[in-house]
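Q: Attaching a single structure in structure tokens format; questions to follow.
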Amino acid sequence: MKIGLFGYGKMGKMIEQIAVERGHTIVAKIDTGATDIDFKSMDVAIDFSTPDAAFENITNCFKNGVPVISGTTGWLSNYADAVELCQKHDGGFIYASNFSLGVNIFFELNTHLARMMAGLEQYKVSMEEIHHTQKLDAPSGTAITLAEGIIQNSSYENWKLHDTADKAITINSIREGMVPGTHSISYESAVDKIEIKHVAHNREGFALGAVIAAEWIQGKTGVFTMKDVLNLS
Ligand SMILES: NC(=O)C1=CN([C@@H]2O[C@H](COP(=O)(O)OP(=O)(O)OC[C@H]3O[C@@H](n4cnc5c(N)ncnc54)[C@H](O)[C@@H]3O)[C@@H](O)[C@H]2O)C=CC1
Ligand SMILES: O=C(O)C1=N[C@H](C(=O)O)C[C@H](O)C1
């Protein structure tokens with residue numbers, strides 16, 4: 001598979017390493033707003049760039065017939081437009097706030113727990129995410145996906161960053177050191193606390209998941225999720 005990398009930072013470099021180990025070739029490394037991109041050389045694009053750059057990179061790929069695996073977070077106000085453009089160009093698209101197998105299992109655990117806790121009004125849910133200090137967005141994309149999973153399966157209506165309100169899930173974002181990504185969800189009552197937690201030890205799981213998604217989308221058109229790729233539930 002010939003891969004074009006959009007974003008050649010921490011994740012772009014990790015994806016290159018894993019893709020090459022799996023026998024793929026990196027045909028382009030785009031790390032700025034370049035205009036002379038050879039889309040014809042790519043079977044697939046993998047975008048781990050920045051919140052400001054992702055949507056333009058993704059739409060350029062669709063317009064040039066290249067399927068896209070998108071891992072960049074913090075650009076999702078444009079997600080519906082990306083989906084529409086993908087469909088218009090009969091393209092292929094997978095966005096995931098987190099490509100790791102472990103977090104995708106954690107997403108399933110989260111919705112299962114939310115269903116069990118729905119209606120138990122003595123418990124109040126909250127969430128904490130911890131990431132490295134270079135991270136541009138807060139809360140993390142993963143925390144937003146987790147909050148959406150709870151909202152769809154309970155009477156919570158929205159989430160709030162560093163704030164509390166009735167019917168809102170409080171998300172606390174912490175930025176410290178080099179932490180690759182830690183997410184925990186707590187249900188607390190006056191007498192006890194139930195907590196589930198995922199800790200990434202490094203970025204390999206994210207990168208492997210993105211390369212597996214790129215392999216999976218070959219020959220397919222449509223908009224998919226990691227649930228489709230991993231065949232979960
Ligand atoms: N979905 C997932 O599993 C994961 C998602 N992420 C997300 O991926 C993104 C990148 O993360 P990192 O690699 O840690 O960040 P990073 O800051 O190390 O790398 C981002 C790179 O994008 C480059 N860039 C800037 N403008 C660009 C443009 N117009 N086109 C292409 N590249 C451009 C920057 O020069 C930089 O090298 C973030 O949004 C992060 O939240 C990170 C890890 C896992
Ligand atoms: O920026 C990061 O590093 C990460 N970003 C993703 C997110 O926002 O959820 C995924 C992972 O937690 C690492």
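Chain labels follow the order of the structure tokens: the first chain is A, the next B, and so on; residue numbering restarts at 1 in every chain, and ligands are counted from 1 in their shown order.
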Mind listing the residues within 10 Å of ligand 2, only C-alpha atoms and all ligand atoms counted, as a ChimeraX atom specification?

A: /A:10-11,48,50,71-74,96-100,103,129-146,178-183,198-200,202-203,205-206

Q: Report as a PyMOL selection string: the residues of region 1-218 of chain A with a DSSP assignment of alpha helix (DSSP H), based on the backbone of this structure.

A: chain A and resi 10-21+54-63+79-88+101-117+141-151+204-217

Q: Of the candidates A:Ala53, A:Leu76, A:Ile46, A:Ile58, which one gets nearest to ligand 1 if we count only C-alpha atoms and all ligand atoms?

A: A:Ala53

Q: Which of region 60-109 of chain A counts as strand (DSSP E or B) under DSSP, as a count of residues only please?

A: 7

Q: Find, counting only C-alpha atoms and all ligand atoms, the residue in A:Leu208, A:Ile174, A:Ile194, A:Ile105 that gets nearest to ligand 1.

A: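 Looking at the shortest contact to ligand 1, the residue is A:Leu208.
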
Q: Show which residues sit within 10 Å of Met116 (chain A), as a list in words. Count only C-alpha atoms, and ignore same-chain residues fewer than 4 positions away.

A: Asn110, Thr111, His112, Leu120, Asn153 and Ser154 of chain A

Q: Excluding Ser186 (chain A) and any residue of its chain fewer than 3 positions from it, enumerate the residues within 6 Å of it, using only C-alpha atoms, and give them as a list of chain:residue names.

A: A:Val125, A:Ser126, A:Ile194, A:Glu195

Q: What's the 7 Å shell around Asn172 (chain A), counting only C-alpha atoms, without same-chain residues fewer than 5 positions away, as an MDAnalysis selection string?

A: chainID A and resid 127:129 161:162

Q: Deliver the residues from the most recent selection as a file, using C-alpha atoms, as a compact mmCIF listing (two decimals), in the first residue's frame.

A:
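So result.txt came out as:
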```
# COMPACT_ATOMS: atom_id res chain seq x y z
CA MET A 127 -14.49 12.20 33.47
CA GLU A 128 -10.77 12.96 33.55
CA GLU A 129 -8.32 12.99 30.66
CA LEU A 161 -15.15 21.30 30.47
CA HIS A 162 -13.97 22.03 34.04
```

Q: Do a neighbour search on Ile37 (chain A) at 10 Å with only C-alpha atoms, toss out local chain neighbours closer than 5 positions, and write the hits as a PDB file with all heavy atoms, in the first residue's frame.

A:
```pdb
ATOM      1  N   GLY A   4       0.150   8.264   1.873  1.00  0.00           N
ATOM      2  CA  GLY A   4       0.534   9.671   2.027  1.00  0.00           C
ATOM      3  C   GLY A   4       0.256  10.091   3.455  1.00  0.00           C
ATOM      4  O   GLY A   4      -0.864   9.919   3.943  1.00  0.00           O
ATOM      5  N   ALA A  28       4.543  10.061   0.521  1.00  0.00           N
ATOM      6  CA  ALA A  28       4.556  11.517   0.754  1.00  0.00           C
ATOM      7  C   ALA A  28       4.458  11.798   2.249  1.00  0.00           C
ATOM      8  O   ALA A  28       3.769  11.081   2.977  1.00  0.00           O
ATOM      9  CB  ALA A  28       3.368  12.171   0.039  1.00  0.00           C
ATOM     10  N   LYS A  29       5.213  12.827   2.659  1.00  0.00           N
ATOM     11  CA  LYS A  29       5.129  13.298   4.057  1.00  0.00           C
ATOM     12  C   LYS A  29       4.832  14.784   3.987  1.00  0.00           C
ATOM     13  O   LYS A  29       5.711  15.568   3.610  1.00  0.00           O
ATOM     14  CB  LYS A  29       6.467  13.081   4.764  1.00  0.00           C
ATOM     15  CG  LYS A  29       6.876  11.634   4.903  1.00  0.00           C
ATOM     16  CD  LYS A  29       8.301  11.550   5.441  1.00  0.00           C
ATOM     17  CE  LYS A  29       8.855  10.161   5.280  1.00  0.00           C
ATOM     18  NZ  LYS A  29      10.297  10.069   5.579  1.00  0.00           N
ATOM     19  N   ILE A  30       3.600  15.151   4.275  1.00  0.00           N
ATOM     20  CA  ILE A  30       3.193  16.555   4.160  1.00  0.00           C
ATOM     21  C   ILE A  30       3.080  17.113   5.574  1.00  0.00           C
ATOM     22  O   ILE A  30       2.260  16.644   6.363  1.00  0.00           O
ATOM     23  CB  ILE A  30       1.854  16.666   3.394  1.00  0.00           C
ATOM     24  CG1 ILE A  30       2.054  16.195   1.953  1.00  0.00           C
ATOM     25  CG2 ILE A  30       1.324  18.091   3.410  1.00  0.00           C
ATOM     26  CD1 ILE A  30       1.380  14.938   1.610  1.00  0.00           C
ATOM     27  N   ASN A  60      -9.137  17.945   0.344  1.00  0.00           N
ATOM     28  CA  ASN A  60      -8.241  17.856  -0.829  1.00  0.00           C
ATOM     29  C   ASN A  60      -8.071  16.405  -1.260  1.00  0.00           C
ATOM     30  O   ASN A  60      -8.010  16.103  -2.453  1.00  0.00           O
ATOM     31  CB  ASN A  60      -6.856  18.445  -0.503  1.00  0.00           C
ATOM     32  CG  ASN A  60      -6.866  19.955  -0.610  1.00  0.00           C
ATOM     33  OD1 ASN A  60      -7.748  20.521  -1.251  1.00  0.00           O
ATOM     34  ND2 ASN A  60      -5.897  20.598   0.025  1.00  0.00           N
ATOM     35  N   CYS A  61      -7.989  15.508  -0.308  1.00  0.00           N
ATOM     36  CA  CYS A  61      -7.843  14.079  -0.639  1.00  0.00           C
ATOM     37  C   CYS A  61      -9.093  13.578  -1.361  1.00  0.00           C
ATOM     38  O   CYS A  61      -8.997  12.917  -2.397  1.00  0.00           O
ATOM     39  CB  CYS A  61      -7.597  13.256   0.617  1.00  0.00           C
ATOM     40  SG  CYS A  61      -5.966  13.510   1.319  1.00  0.00           S
TER      41      CYS A  61
END
```

Q: Would you kindly return, as a list in words, each protein, DNA or RNA residue with an atom no farther than 8 Å from any atom of Met226 (chain A), considering only C-alpha atoms and excluding same-chain residues fewer than 4 positions away?

A: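 Listing them by chain and then by number gives Ile94, Tyr95, Ala96, Phe99, Asn104, Ala213, Leu230 and Asn231 of chain A.
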
Q: Got time to write the residues from that selection, N, CA and C atoms, as a PDB file, in the first residue's frame?

A:
```pdb
ATOM      1  N   ILE A  94     -12.565   7.217   7.148  1.00  0.00           N
ATOM      2  CA  ILE A  94     -12.708   6.755   8.539  1.00  0.00           C
ATOM      3  C   ILE A  94     -12.121   7.828   9.442  1.00  0.00           C
ATOM      4  N   TYR A  95     -12.948   8.396  10.323  1.00  0.00           N
ATOM      5  CA  TYR A  95     -12.442   9.239  11.402  1.00  0.00           C
ATOM      6  C   TYR A  95     -12.581   8.457  12.697  1.00  0.00           C
ATOM      7  N   ALA A  96     -11.562   8.511  13.532  1.00  0.00           N
ATOM      8  CA  ALA A  96     -11.684   7.976  14.900  1.00  0.00           C
ATOM      9  C   ALA A  96     -10.946   8.914  15.841  1.00  0.00           C
ATOM     10  N   PHE A  99      -7.640   5.466  17.650  1.00  0.00           N
ATOM     11  CA  PHE A  99      -7.545   4.273  16.801  1.00  0.00           C
ATOM     12  C   PHE A  99      -7.076   3.033  17.554  1.00  0.00           C
ATOM     13  N   ASN A 104     -10.926   1.377  21.841  1.00  0.00           N
ATOM     14  CA  ASN A 104     -12.196   1.001  21.199  1.00  0.00           C
ATOM     15  C   ASN A 104     -12.956  -0.038  22.023  1.00  0.00           C
ATOM     16  N   ALA A 213      -6.664   0.416   9.823  1.00  0.00           N
ATOM     17  CA  ALA A 213      -7.824   1.059   9.179  1.00  0.00           C
ATOM     18  C   ALA A 213      -7.512   1.366   7.711  1.00  0.00           C
ATOM     19  N   LEU A 230     -12.935  -3.063  13.328  1.00  0.00           N
ATOM     20  CA  LEU A 230     -12.595  -4.054  14.361  1.00  0.00           C
ATOM     21  C   LEU A 230     -13.705  -5.066  14.585  1.00  0.00           C
ATOM     22  N   ASN A 231     -14.846  -4.841  13.881  1.00  0.00           N
ATOM     23  CA  ASN A 231     -15.969  -5.775  13.995  1.00  0.00           C
ATOM     24  C   ASN A 231     -16.423  -5.917  15.451  1.00  0.00           C
TER      25      ASN A 231
END
```

Q: Quick one: of A:Phe55, A:Tyr156, A:Tyr187, A:Phe6, who's nearest to ligand 1, counting only C-alpha atoms and all ligand atoms?

A: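 Smallest distance to ligand 1 is found for A:Phe6.
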
Q: Can you measure atom 35 (O, counted along the ligand's line) of ligand 1 to CA of His89 (chain A) for me? One decimal in Å is fine.

A: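 Separating atom 35 (O, counted along the ligand's line) of ligand 1 from CA of His89 (chain A) is a distance of 27.7 Å.
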
Q: Just checking: using only C-alpha atoms and all ligand atoms, which residue out of A:Phe224, A:Glu84, A:Val44, A:Gly209 ends up closest to ligand 1?

A: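 For ligand 1, the nearest of the candidates is A:Gly209.
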
Q: For ligand 1, which residue among A:Asp43, A:Glu215, A:Glu157, A:Glu204 is the nearest when counting only C-alpha atoms and all ligand atoms?

A: A:Glu204

Q: Please determine, counting only C-alpha atoms, which residue among A:Thr164, A:Gln218, A:Ser49, A:Ser173 has the shortest atom-to-atom distance to Trp75 (chain A).

A: A:Ser49
